[in-house]
Amino acid sequence: MTDHRKPGKPAQALDTLYASDQPRQDFRFDASVARVFPDMIRRSVPGYTTIIPMIEVITEQYMQPGSHGYDLGCSLGASTLAMRHGMPDSGCTLVGVDNSDAMIERCEHFIALDDHPLPVELRCEDILDTAIENASVTTLNFTLQFVDPDRRLELLSRIANATRPGGVLILSEKIRFESDAEQATQTLLHHEFKRANGYSGLEISQKRSALEQVLIPETLAEHRKRLEQAGFHNVMVWYQCFNFISMLAFKPA
Ligand SMILES: C[S@@+](CC[C@H](N)C(=O)[O-])C[C@H]1O[C@@H](n2cnc3c(N)ncnc32)[C@H](O)[C@@H]1O
Ligand SMILES: O=C(O)C(=O)C[C@]1(C(=O)O)C=C[C@@H](O)C=C1
């Protein structure tokens, strides 16, 4: 299995974006976020450093010869590179899509630094518009949560329709819980995870309020129901740490 922990030099920039007191602004994937993103996501998402190498393992298992792999919301390409290293050498192609120019620009560098023969097609466009066909493995690694909830079914249905029988969607999301008590406990533990990774109370609370209107988490039951409505079956959670989960959803064979 490949070591994805050090994708390249810019990965070292420290995330201090919310360290000083500032007026509330919605979170955006702009150039300042792209610059610190590897540090930000590693210190903010419990399990991210486990999920990335497992995307390679899952891709290796389910990628079908002659099909396409898609990484939707690829950011700097951590999940794209994991897929690349799990692809068989049998006529497969890999596409990474993100609508942030700043992310795609940096992603190109990371892809170029990764010494691997399989070309990666990078598209700077909305995943709601991107063409998807003949897919066997598609990854949405912490991306669906940023899509308008009213358009999530349409996107998942398009992915399901474009996926070959036996193919899979890897869907990682921040979730919310039906029980208020569980929601409070898991949120507290997530914030303690951030604190243990060096974020201050001010950083945690300012980021939380910046994400409030932008990252819309749903319950596991809502995800399951929608994935099934979209045409997937055998929806299973393969990873959970606090309020962050990753699921597999299969296209019936
Ligand atoms: C949390 S990051 C994904 C992290 C990445 N998959 C990884 O594993 O490192 C979410 C990404 O989704 C992108 N994004 C959000 N909504 C999008 C949309 N509608 N179309 C394309 N990209 C989108 C953002 O620009 C951002 O780079
Ligand atoms: O929920 C939070 O507090 C986060 O910081 C999570 C999260 C994510 O899940 O994508 C939000 C924005 C950044 O992309 C990095 C991490």
# chains A, B, ... in the order shown; residues from 1 in each chain; ligands from 1

$ residues_around --residues "segment 83-100 of chain A" --least-positions-apart "4" --cutoff "7 Å" --atoms "only C-alpha atoms" --output "VMD selection string"
chain A and resid 29 to 30 55 to 57 59 to 60 63 65 to 75 79 104 118 120 to 127

$ select_by_dssp --residues "segment 21-84 of chain A" --states "helix (DSSP H, G or I)" --output "PyMOL selection string"
chain A and resi 31-44+48-62+78-84

$ residues_near_ligand --ligand "ligand 2" --cutoff "10 Å" --atoms "only C-alpha atoms and all ligand atoms" --output "MDAnalysis selection string"
chainID A and resid 27:29 33:34 37:46 48 75 141:146 172:175 187 190:191 194 203:212 214:217 243:244

$ write_last_selection --atoms "C-alpha atoms" --output "PDB file, in the first residue's frame"
ATOM      1  CA  PHE A  27     -16.321  29.168   4.557  1.00  0.00           C
ATOM      2  CA  ARG A  28     -15.059  28.979   0.959  1.00  0.00           C
ATOM      3  CA  PHE A  29     -12.514  26.755  -0.796  1.00  0.00           C
ATOM      4  CA  VAL A  33      -7.782  27.437   2.218  1.00  0.00           C
ATOM      5  CA  ALA A  34      -6.069  25.589  -0.666  1.00  0.00           C
ATOM      6  CA  PHE A  37      -5.652  22.373   3.115  1.00  0.00           C
ATOM      7  CA  PRO A  38      -3.573  19.228   3.841  1.00  0.00           C
ATOM      8  CA  ASP A  39      -2.897  20.468   7.382  1.00  0.00           C
ATOM      9  CA  MET A  40      -6.499  21.698   7.832  1.00  0.00           C
ATOM     10  CA  ILE A  41      -8.231  18.482   6.802  1.00  0.00           C
ATOM     11  CA  ARG A  42      -5.817  16.202   8.678  1.00  0.00           C
ATOM     12  CA  ARG A  43      -6.326  18.156  11.932  1.00  0.00           C
ATOM     13  CA  SER A  44     -10.097  18.656  11.422  1.00  0.00           C
ATOM     14  CA  VAL A  45     -11.476  15.333  10.189  1.00  0.00           C
ATOM     15  CA  PRO A  46     -11.077  12.398  12.585  1.00  0.00           C
ATOM     16  CA  TYR A  48      -9.015  11.240   7.399  1.00  0.00           C
ATOM     17  CA  SER A  75      -9.355  19.223  -3.701  1.00  0.00           C
ATOM     18  CA  ASN A 141     -14.726  12.070   0.078  1.00  0.00           C
ATOM     19  CA  PHE A 142     -16.305  14.807   2.243  1.00  0.00           C
ATOM     20  CA  THR A 143     -17.820  16.602  -0.774  1.00  0.00           C
ATOM     21  CA  LEU A 144     -21.561  15.786  -0.872  1.00  0.00           C
ATOM     22  CA  GLN A 145     -21.956  17.669   2.431  1.00  0.00           C
ATOM     23  CA  PHE A 146     -21.187  20.913   0.525  1.00  0.00           C
ATOM     24  CA  SER A 172     -17.516   9.963   3.244  1.00  0.00           C
ATOM     25  CA  GLU A 173     -19.487  12.579   5.182  1.00  0.00           C
ATOM     26  CA  LYS A 174     -19.763  14.521   8.400  1.00  0.00           C
ATOM     27  CA  ILE A 175     -23.123  13.361   9.794  1.00  0.00           C
ATOM     28  CA  THR A 187     -19.744  17.091  18.536  1.00  0.00           C
ATOM     29  CA  HIS A 190     -14.936  16.107  17.503  1.00  0.00           C
ATOM     30  CA  HIS A 191     -14.065  19.478  19.033  1.00  0.00           C
ATOM     31  CA  LYS A 194      -9.455  19.447  17.040  1.00  0.00           C
ATOM     32  CA  GLU A 203     -10.400  28.677  16.002  1.00  0.00           C
ATOM     33  CA  ILE A 204     -12.924  25.909  16.651  1.00  0.00           C
ATOM     34  CA  SER A 205     -15.843  28.271  17.245  1.00  0.00           C
ATOM     35  CA  GLN A 206     -15.055  30.636  14.331  1.00  0.00           C
ATOM     36  CA  LYS A 207     -14.693  27.704  11.886  1.00  0.00           C
ATOM     37  CA  ARG A 208     -17.908  26.171  13.213  1.00  0.00           C
ATOM     38  CA  SER A 209     -19.858  29.335  12.518  1.00  0.00           C
ATOM     39  CA  ALA A 210     -18.208  29.798   9.066  1.00  0.00           C
ATOM     40  CA  LEU A 211     -19.343  26.263   8.111  1.00  0.00           C
ATOM     41  CA  GLU A 212     -22.885  26.551   9.494  1.00  0.00           C
ATOM     42  CA  VAL A 214     -22.162  25.774   3.956  1.00  0.00           C
ATOM     43  CA  LEU A 215     -21.620  22.234   5.270  1.00  0.00           C
ATOM     44  CA  ILE A 216     -25.068  20.662   5.764  1.00  0.00           C
ATOM     45  CA  PRO A 217     -24.736  17.300   7.523  1.00  0.00           C
ATOM     46  CA  ASN A 243     -19.456  12.335  13.580  1.00  0.00           C
ATOM     47  CA  PHE A 244     -17.413  11.429  10.482  1.00  0.00           C
TER      48      PHE A 244
END

$ select_by_dssp --residues "segment 20-165 of chain A" --states "strand (DSSP E)" --output "NGL selection string"
:A and (68-72 or 93-98 or 120-124 or 135-141 or 163-165)

$ residues_around --residues "Ala249 of chain A" --least-positions-apart "5" --cutoff "6 Å" --atoms "only C-alpha atoms" --output "ChimeraX atom specification"
/A:168-169,232,234-235

$ write_last_selection --atoms "N, CA and C atoms" --output "mmCIF file, in the first residue's frame"
data_model
loop_
_atom_site.group_PDB
_atom_site.id
_atom_site.type_symbol
_atom_site.label_atom_id
_atom_site.label_comp_id
_atom_site.auth_asym_id
_atom_site.auth_seq_id
_atom_site.Cartn_x
_atom_site.Cartn_y
_atom_site.Cartn_z
ATOM 1 N N VAL A 168 -18.930 0.622 -7.331
ATOM 2 C CA VAL A 168 -19.163 1.133 -5.980
ATOM 3 C C VAL A 168 -18.982 2.644 -5.906
ATOM 4 N N LEU A 169 -19.741 3.234 -4.985
ATOM 5 C CA LEU A 169 -19.533 4.632 -4.604
ATOM 6 C C LEU A 169 -18.950 4.644 -3.188
ATOM 7 N N PHE A 232 -28.580 2.651 -5.708
ATOM 8 C CA PHE A 232 -27.554 1.820 -5.080
ATOM 9 C C PHE A 232 -28.221 0.824 -4.134
ATOM 10 N N ASN A 234 -27.094 -2.398 -0.880
ATOM 11 C CA ASN A 234 -26.034 -2.812 0.054
ATOM 12 C C ASN A 234 -25.225 -1.620 0.542
ATOM 13 N N VAL A 235 -25.916 -0.634 1.107
ATOM 14 C CA VAL A 235 -25.213 0.533 1.654
ATOM 15 C C VAL A 235 -24.621 0.114 2.994
#

$ closest_residue --among "A:Leu171, A:Ile132, A:Leu17, A:Leu153" --to "ligand 1" --atoms "only C-alpha atoms and all ligand atoms"
A:Leu171

$ residues_around --residues "Arg152 of chain A" --least-positions-apart "5" --cutoff "10 Å" --atoms "only C-alpha atoms" --output "ChimeraX atom specification"
/A:128,144-147,157-158,223,226-227,230

$ write_last_selection --atoms "C-alpha atoms" --output "short mmCIF file (atom, residue, chain, number, x, y, z; two decimals), in the first residue's frame"
data_model
loop_
_atom_site.label_atom_id
_atom_site.label_comp_id
_atom_site.auth_asym_id
_atom_site.auth_seq_id
_atom_site.Cartn_x
_atom_site.Cartn_y
_atom_site.Cartn_z
CA LEU A 128 -23.46 18.66 -10.66
CA LEU A 144 -21.56 15.79 -0.87
CA GLN A 145 -21.96 17.67 2.43
CA PHE A 146 -21.19 20.91 0.53
CA VAL A 147 -23.75 20.28 -2.26
CA SER A 157 -28.81 9.15 -9.33
CA ARG A 158 -26.52 10.30 -12.13
CA HIS A 223 -28.00 9.01 3.47
CA ARG A 226 -31.28 8.60 -0.65
CA LEU A 227 -28.56 6.19 -1.85
CA ALA A 230 -30.71 6.78 -6.38
#
